[in-house]
Amino acid sequence: MKSKLIIAIAAMGIAVLFSSCAKVPQAEVDAATAAIQEVKDAGADLYVPEAYQALVDSMKSANEKIEVAKAKWFPSYTKAKATLAAVSQMAVDTKAKSEARKVELKAEVEAMIVEVKALVEENKALIAKAPRGKEGREALEAIKSDVAVAETTVTEVEALLANGDLIGSNDKIKAAKEKATSIKAELEEAIAKKGGK
């Protein structure tokens, strides 16, 4: 009888010991996961992909630490909690970087719009000075068409920018700037050749 009582007390002691073991820091996991989702919703994966990837990797590391701790007899989630706290802070920093990059990108696009508009006007003036031989006429028609496309692109970019599509507007205006710059170089070369004859 005495041995049964000792076994029962030992079993209760073990049950109490295991029930008092550290629990998975689920609240911290949920908070960090929500913070990462908020950062993604803010577009960090597009605007600051390196910082966003570092954030995702840190969360993965925290989850791995939790799994390692779960596998132990006496789990300790101290390291996982520290990593989760770091993830939450990284999320705040990454969101701020993303917002700053958006402002920066918008300013870049707006500046390029002004540059492309100026290039279009310069190209129109250069077209008037360009040589008009047999081949020149056909080349000028193609160039006029390209200049018209650049003008249309500026309008499209302004619409994209108004709708908040910073990445799309940036890509389009860069392409338009490259095209307008190459047109200008081509026209200046043709005019220089004409002047040299």
# chains A, B, ... in the order shown; residues from 1 in each chain; ligands from 1
call {"tool": "residues_around", "arguments": {"residues": "Ser182 (chain A)", "least_positions_apart": "3", "cutoff": "12 Å", "atoms": "only C-alpha atoms", "output": "list of chain:residue names"}}
result
A:Val116, A:Leu119, A:Val120, A:Asn123, A:Ile143, A:Asp146, A:Val147, A:Ala150, A:Ala175, A:Ala176, A:Lys177, A:Glu178, A:Lys179, A:Ala185, A:Glu186, A:Leu187, A:Glu188, A:Glu189
call {"tool": "write_last_selection", "arguments": {"atoms": "C-alpha atoms", "output": "mmCIF file, in the first residue's frame"}}
result
data_model
loop_
_atom_site.group_PDB
_atom_site.id
_atom_site.type_symbol
_atom_site.label_atom_id
_atom_site.label_comp_id
_atom_site.auth_asym_id
_atom_site.auth_seq_id
_atom_site.Cartn_x
_atom_site.Cartn_y
_atom_site.Cartn_z
ATOM 1 C CA VAL A 116 11.338 62.831 -70.563
ATOM 2 C CA LEU A 119 13.713 65.324 -74.045
ATOM 3 C CA VAL A 120 10.542 65.059 -76.128
ATOM 4 C CA ASN A 123 13.676 65.927 -79.975
ATOM 5 C CA ILE A 143 11.563 59.001 -85.129
ATOM 6 C CA ASP A 146 8.910 57.077 -81.405
ATOM 7 C CA VAL A 147 8.627 60.617 -79.988
ATOM 8 C CA ALA A 150 7.345 58.668 -75.529
ATOM 9 C CA ALA A 175 12.209 52.791 -70.771
ATOM 10 C CA ALA A 176 10.762 56.033 -72.170
ATOM 11 C CA LYS A 177 13.788 58.002 -70.952
ATOM 12 C CA GLU A 178 16.205 55.539 -72.568
ATOM 13 C CA LYS A 179 14.289 55.708 -75.852
ATOM 14 C CA ALA A 185 21.626 61.091 -79.833
ATOM 15 C CA GLU A 186 20.535 59.765 -83.231
ATOM 16 C CA LEU A 187 19.151 63.151 -84.292
ATOM 17 C CA GLU A 188 22.225 65.043 -83.079
ATOM 18 C CA GLU A 189 24.457 62.630 -85.009
#
call {"tool": "closest_atom_pairs", "arguments": {"of": "region 53-128 of chain A", "to": "region 20-40 of chain A", "cutoff": "12 Å", "atoms": "only C-alpha atoms", "output": "JSON lines"}}
result
{"residue": "A:Gln53", "atom": "CA", "partner": "A:Ile36", "partner_atom": "CA", "distance": 10.4}
{"residue": "A:Ala54", "atom": "CA", "partner": "A:Ile36", "partner_atom": "CA", "distance": 11.0}
{"residue": "A:Leu55", "atom": "CA", "partner": "A:Ile36", "partner_atom": "CA", "distance": 7.4}
{"residue": "A:Val56", "atom": "CA", "partner": "A:Ile36", "partner_atom": "CA", "distance": 7.4}
{"residue": "A:Asp57", "atom": "CA", "partner": "A:Ile36", "partner_atom": "CA", "distance": 11.0}
{"residue": "A:Ser58", "atom": "CA", "partner": "A:Ala32", "partner_atom": "CA", "distance": 10.2}
{"residue": "A:Met59", "atom": "CA", "partner": "A:Ala32", "partner_atom": "CA", "distance": 7.6}
{"residue": "A:Lys60", "atom": "CA", "partner": "A:Thr33", "partner_atom": "CA", "distance": 10.4}
{"residue": "A:Ser61", "atom": "CA", "partner": "A:Val29", "partner_atom": "CA", "distance": 11.8}
{"residue": "A:Ala62", "atom": "CA", "partner": "A:Val29", "partner_atom": "CA", "distance": 8.5}
{"residue": "A:Asn63", "atom": "CA", "partner": "A:Val29", "partner_atom": "CA", "distance": 8.2}
{"residue": "A:Glu64", "atom": "CA", "partner": "A:Val29", "partner_atom": "CA", "distance": 11.9}
{"residue": "A:Lys65", "atom": "CA", "partner": "A:Val24", "partner_atom": "CA", "distance": 10.6}
{"residue": "A:Ile66", "atom": "CA", "partner": "A:Val24", "partner_atom": "CA", "distance": 7.1}
{"residue": "A:Glu67", "atom": "CA", "partner": "A:Val24", "partner_atom": "CA", "distance": 9.3}
{"residue": "A:Val68", "atom": "CA", "partner": "A:Val24", "partner_atom": "CA", "distance": 11.3}
{"residue": "A:Ala69", "atom": "CA", "partner": "A:Val24", "partner_atom": "CA", "distance": 8.8}
{"residue": "A:Lys70", "atom": "CA", "partner": "A:Val24", "partner_atom": "CA", "distance": 7.8}
{"residue": "A:Ala71", "atom": "CA", "partner": "A:Val24", "partner_atom": "CA", "distance": 11.6}
{"residue": "A:Lys72", "atom": "CA", "partner": "A:Cys21", "partner_atom": "CA", "distance": 10.7}
{"residue": "A:Trp73", "atom": "CA", "partner": "A:Cys21", "partner_atom": "CA", "distance": 9.0}
{"residue": "A:Phe74", "atom": "CA", "partner": "A:Cys21", "partner_atom": "CA", "distance": 6.4}
{"residue": "A:Pro75", "atom": "CA", "partner": "A:Ala22", "partner_atom": "CA", "distance": 6.0}
{"residue": "A:Ser76", "atom": "CA", "partner": "A:Ala22", "partner_atom": "CA", "distance": 6.0}
{"residue": "A:Tyr77", "atom": "CA", "partner": "A:Val24", "partner_atom": "CA", "distance": 6.9}
{"residue": "A:Thr78", "atom": "CA", "partner": "A:Pro25", "partner_atom": "CA", "distance": 9.3}
{"residue": "A:Lys79", "atom": "CA", "partner": "A:Pro25", "partner_atom": "CA", "distance": 10.9}
{"residue": "A:Ala80", "atom": "CA", "partner": "A:Pro25", "partner_atom": "CA", "distance": 8.2}
{"residue": "A:Lys81", "atom": "CA", "partner": "A:Pro25", "partner_atom": "CA", "distance": 6.9}
{"residue": "A:Ala82", "atom": "CA", "partner": "A:Glu28", "partner_atom": "CA", "distance": 9.8}
{"residue": "A:Thr83", "atom": "CA", "partner": "A:Ala32", "partner_atom": "CA", "distance": 9.8}
{"residue": "A:Leu84", "atom": "CA", "partner": "A:Ala32", "partner_atom": "CA", "distance": 6.3}
{"residue": "A:Ala85", "atom": "CA", "partner": "A:Glu28", "partner_atom": "CA", "distance": 7.6}
{"residue": "A:Ala86", "atom": "CA", "partner": "A:Ala32", "partner_atom": "CA", "distance": 9.1}
{"residue": "A:Val87", "atom": "CA", "partner": "A:Ala32", "partner_atom": "CA", "distance": 6.2}
{"residue": "A:Ser88", "atom": "CA", "partner": "A:Ala32", "partner_atom": "CA", "distance": 5.2}
{"residue": "A:Gln89", "atom": "CA", "partner": "A:Ala32", "partner_atom": "CA", "distance": 9.0}
{"residue": "A:Met90", "atom": "CA", "partner": "A:Ile36", "partner_atom": "CA", "distance": 9.1}
{"residue": "A:Ala91", "atom": "CA", "partner": "A:Ala35", "partner_atom": "CA", "distance": 5.9}
{"residue": "A:Val92", "atom": "CA", "partner": "A:Ala35", "partner_atom": "CA", "distance": 7.7}
{"residue": "A:Asp93", "atom": "CA", "partner": "A:Val39", "partner_atom": "CA", "distance": 9.5}
{"residue": "A:Thr94", "atom": "CA", "partner": "A:Val39", "partner_atom": "CA", "distance": 7.0}
{"residue": "A:Lys95", "atom": "CA", "partner": "A:Val39", "partner_atom": "CA", "distance": 5.3}
{"residue": "A:Ala96", "atom": "CA", "partner": "A:Val39", "partner_atom": "CA", "distance": 9.1}
{"residue": "A:Lys97", "atom": "CA", "partner": "A:Val39", "partner_atom": "CA", "distance": 10.1}
{"residue": "A:Ser98", "atom": "CA", "partner": "A:Val39", "partner_atom": "CA", "distance": 8.3}
{"residue": "A:Glu99", "atom": "CA", "partner": "A:Val39", "partner_atom": "CA", "distance": 9.9}
call {"tool": "atom_distance", "arguments": {"atom1": "CA of Gly43 (chain A)", "atom2": "CA of Lys102 (chain A)"}}
result
9.0 Å
call {"tool": "closest_residue", "arguments": {"among": "A:Ile167, A:Leu160, A:Ala192, A:Val114", "to": "Leu126 (chain A)", "atoms": "only C-alpha atoms"}}
result
A:Ala192
call {"tool": "decode", "arguments": {"residues": "region 9-126 of chain A", "atoms": "C-alpha atoms", "output": "short mmCIF file (atom, residue, chain, number, x, y, z; two decimals), in the first residue's frame"}}
result
data_model
loop_
_atom_site.label_atom_id
_atom_site.label_comp_id
_atom_site.auth_asym_id
_atom_site.auth_seq_id
_atom_site.Cartn_x
_atom_site.Cartn_y
_atom_site.Cartn_z
CA ILE A 9 2.86 10.90 -5.37
CA ALA A 10 5.79 10.50 -7.78
CA ALA A 11 3.39 10.38 -10.75
CA MET A 12 1.65 13.54 -9.53
CA GLY A 13 5.03 15.21 -9.07
CA ILE A 14 6.06 14.34 -12.61
CA ALA A 15 2.69 15.53 -13.94
CA VAL A 16 3.09 18.84 -12.08
CA LEU A 17 6.68 19.15 -13.33
CA PHE A 18 5.69 18.64 -16.97
CA SER A 19 2.61 20.84 -16.73
CA SER A 20 4.75 23.66 -15.34
CA CYS A 21 7.26 23.41 -18.21
CA ALA A 22 7.56 26.38 -20.47
CA LYS A 23 4.83 26.75 -23.05
CA VAL A 24 5.25 27.71 -26.69
CA PRO A 25 5.24 31.52 -26.88
CA GLN A 26 2.19 31.48 -29.16
CA ALA A 27 1.22 35.10 -28.48
CA GLU A 28 4.68 36.25 -29.60
CA VAL A 29 4.55 33.97 -32.66
CA ASP A 30 1.15 35.37 -33.62
CA ALA A 31 2.29 38.96 -33.09
CA ALA A 32 5.44 38.46 -35.21
CA THR A 33 3.45 36.70 -37.96
CA ALA A 34 0.90 39.53 -38.02
CA ALA A 35 3.70 42.11 -38.14
CA ILE A 36 5.29 40.34 -41.12
CA GLN A 37 1.94 40.22 -42.92
CA GLU A 38 1.43 43.93 -42.27
CA VAL A 39 4.88 44.66 -43.72
CA LYS A 40 4.09 42.55 -46.79
CA ASP A 41 0.75 44.32 -47.21
CA ALA A 42 2.68 47.61 -47.17
CA GLY A 43 4.65 46.34 -50.17
CA ALA A 44 7.99 45.75 -48.47
CA ASP A 45 8.54 42.61 -50.55
CA LEU A 46 8.49 44.86 -53.64
CA TYR A 47 10.16 48.03 -52.40
CA VAL A 48 12.81 46.65 -50.02
CA PRO A 49 13.05 42.96 -50.94
CA GLU A 50 16.36 42.35 -49.14
CA ALA A 51 15.07 43.72 -45.83
CA TYR A 52 11.81 41.80 -46.25
CA GLN A 53 13.66 38.55 -46.97
CA ALA A 54 15.84 39.07 -43.88
CA LEU A 55 12.64 39.48 -41.86
CA VAL A 56 11.15 36.27 -43.25
CA ASP A 57 14.42 34.42 -42.60
CA SER A 58 14.47 35.64 -38.99
CA MET A 59 10.91 34.39 -38.48
CA LYS A 60 11.93 31.03 -39.93
CA SER A 61 14.84 30.94 -37.48
CA ALA A 62 12.48 31.68 -34.57
CA ASN A 63 10.18 28.85 -35.65
CA GLU A 64 13.15 26.48 -35.89
CA LYS A 65 14.23 27.44 -32.35
CA ILE A 66 10.71 26.72 -31.11
CA GLU A 67 10.73 23.28 -32.76
CA VAL A 68 14.16 22.48 -31.24
CA ALA A 69 12.92 23.55 -27.80
CA LYS A 70 9.71 21.49 -28.15
CA ALA A 71 11.79 18.36 -28.75
CA LYS A 72 13.58 18.70 -25.39
CA TRP A 73 12.43 17.21 -22.08
CA PHE A 74 12.53 20.59 -20.42
CA PRO A 75 11.86 23.11 -23.18
CA SER A 76 13.10 26.65 -22.84
CA TYR A 77 11.82 29.22 -25.28
CA THR A 78 14.11 32.05 -24.16
CA LYS A 79 16.10 32.11 -27.42
CA ALA A 80 12.95 31.82 -29.53
CA LYS A 81 11.30 34.67 -27.59
CA ALA A 82 14.38 36.86 -28.11
CA THR A 83 14.33 36.10 -31.84
CA LEU A 84 10.59 36.81 -32.01
CA ALA A 85 11.12 40.16 -30.28
CA ALA A 86 13.85 40.94 -32.81
CA VAL A 87 11.49 39.95 -35.65
CA SER A 88 8.82 42.33 -34.36
CA GLN A 89 11.36 45.18 -34.23
CA MET A 90 12.69 44.27 -37.68
CA ALA A 91 9.12 44.40 -39.00
CA VAL A 92 8.74 47.97 -37.74
CA ASP A 93 12.09 48.94 -39.30
CA THR A 94 11.32 47.19 -42.59
CA LYS A 95 7.95 48.91 -42.87
CA ALA A 96 9.63 52.27 -42.30
CA LYS A 97 12.26 51.46 -44.96
CA SER A 98 9.50 50.45 -47.36
CA GLU A 99 7.60 53.70 -46.82
CA ALA A 100 10.81 55.71 -47.29
CA ARG A 101 11.59 53.81 -50.51
CA LYS A 102 8.08 54.55 -51.82
CA VAL A 103 8.60 58.29 -51.25
CA GLU A 104 12.04 58.09 -52.86
CA LEU A 105 10.75 56.11 -55.85
CA LYS A 106 7.85 58.51 -56.39
CA ALA A 107 10.27 61.44 -56.42
CA GLU A 108 12.51 59.59 -58.91
CA VAL A 109 9.57 58.88 -61.22
CA GLU A 110 8.35 62.48 -61.02
CA ALA A 111 11.86 63.74 -61.86
CA MET A 112 12.13 61.35 -64.81
CA ILE A 113 8.73 62.50 -66.10
CA VAL A 114 10.09 66.06 -66.22
CA GLU A 115 13.27 64.82 -67.95
CA VAL A 116 11.34 62.83 -70.56
CA LYS A 117 9.03 65.77 -71.29
CA ALA A 118 12.09 67.97 -71.82
CA LEU A 119 13.71 65.32 -74.05
CA VAL A 120 10.54 65.06 -76.13
CA GLU A 121 10.55 68.83 -76.69
CA GLU A 122 14.26 68.79 -77.56
CA ASN A 123 13.68 65.93 -79.97
CA LYS A 124 10.84 67.80 -81.67
CA ALA A 125 13.15 70.78 -82.15
CA LEU A 126 15.92 68.52 -83.48
#
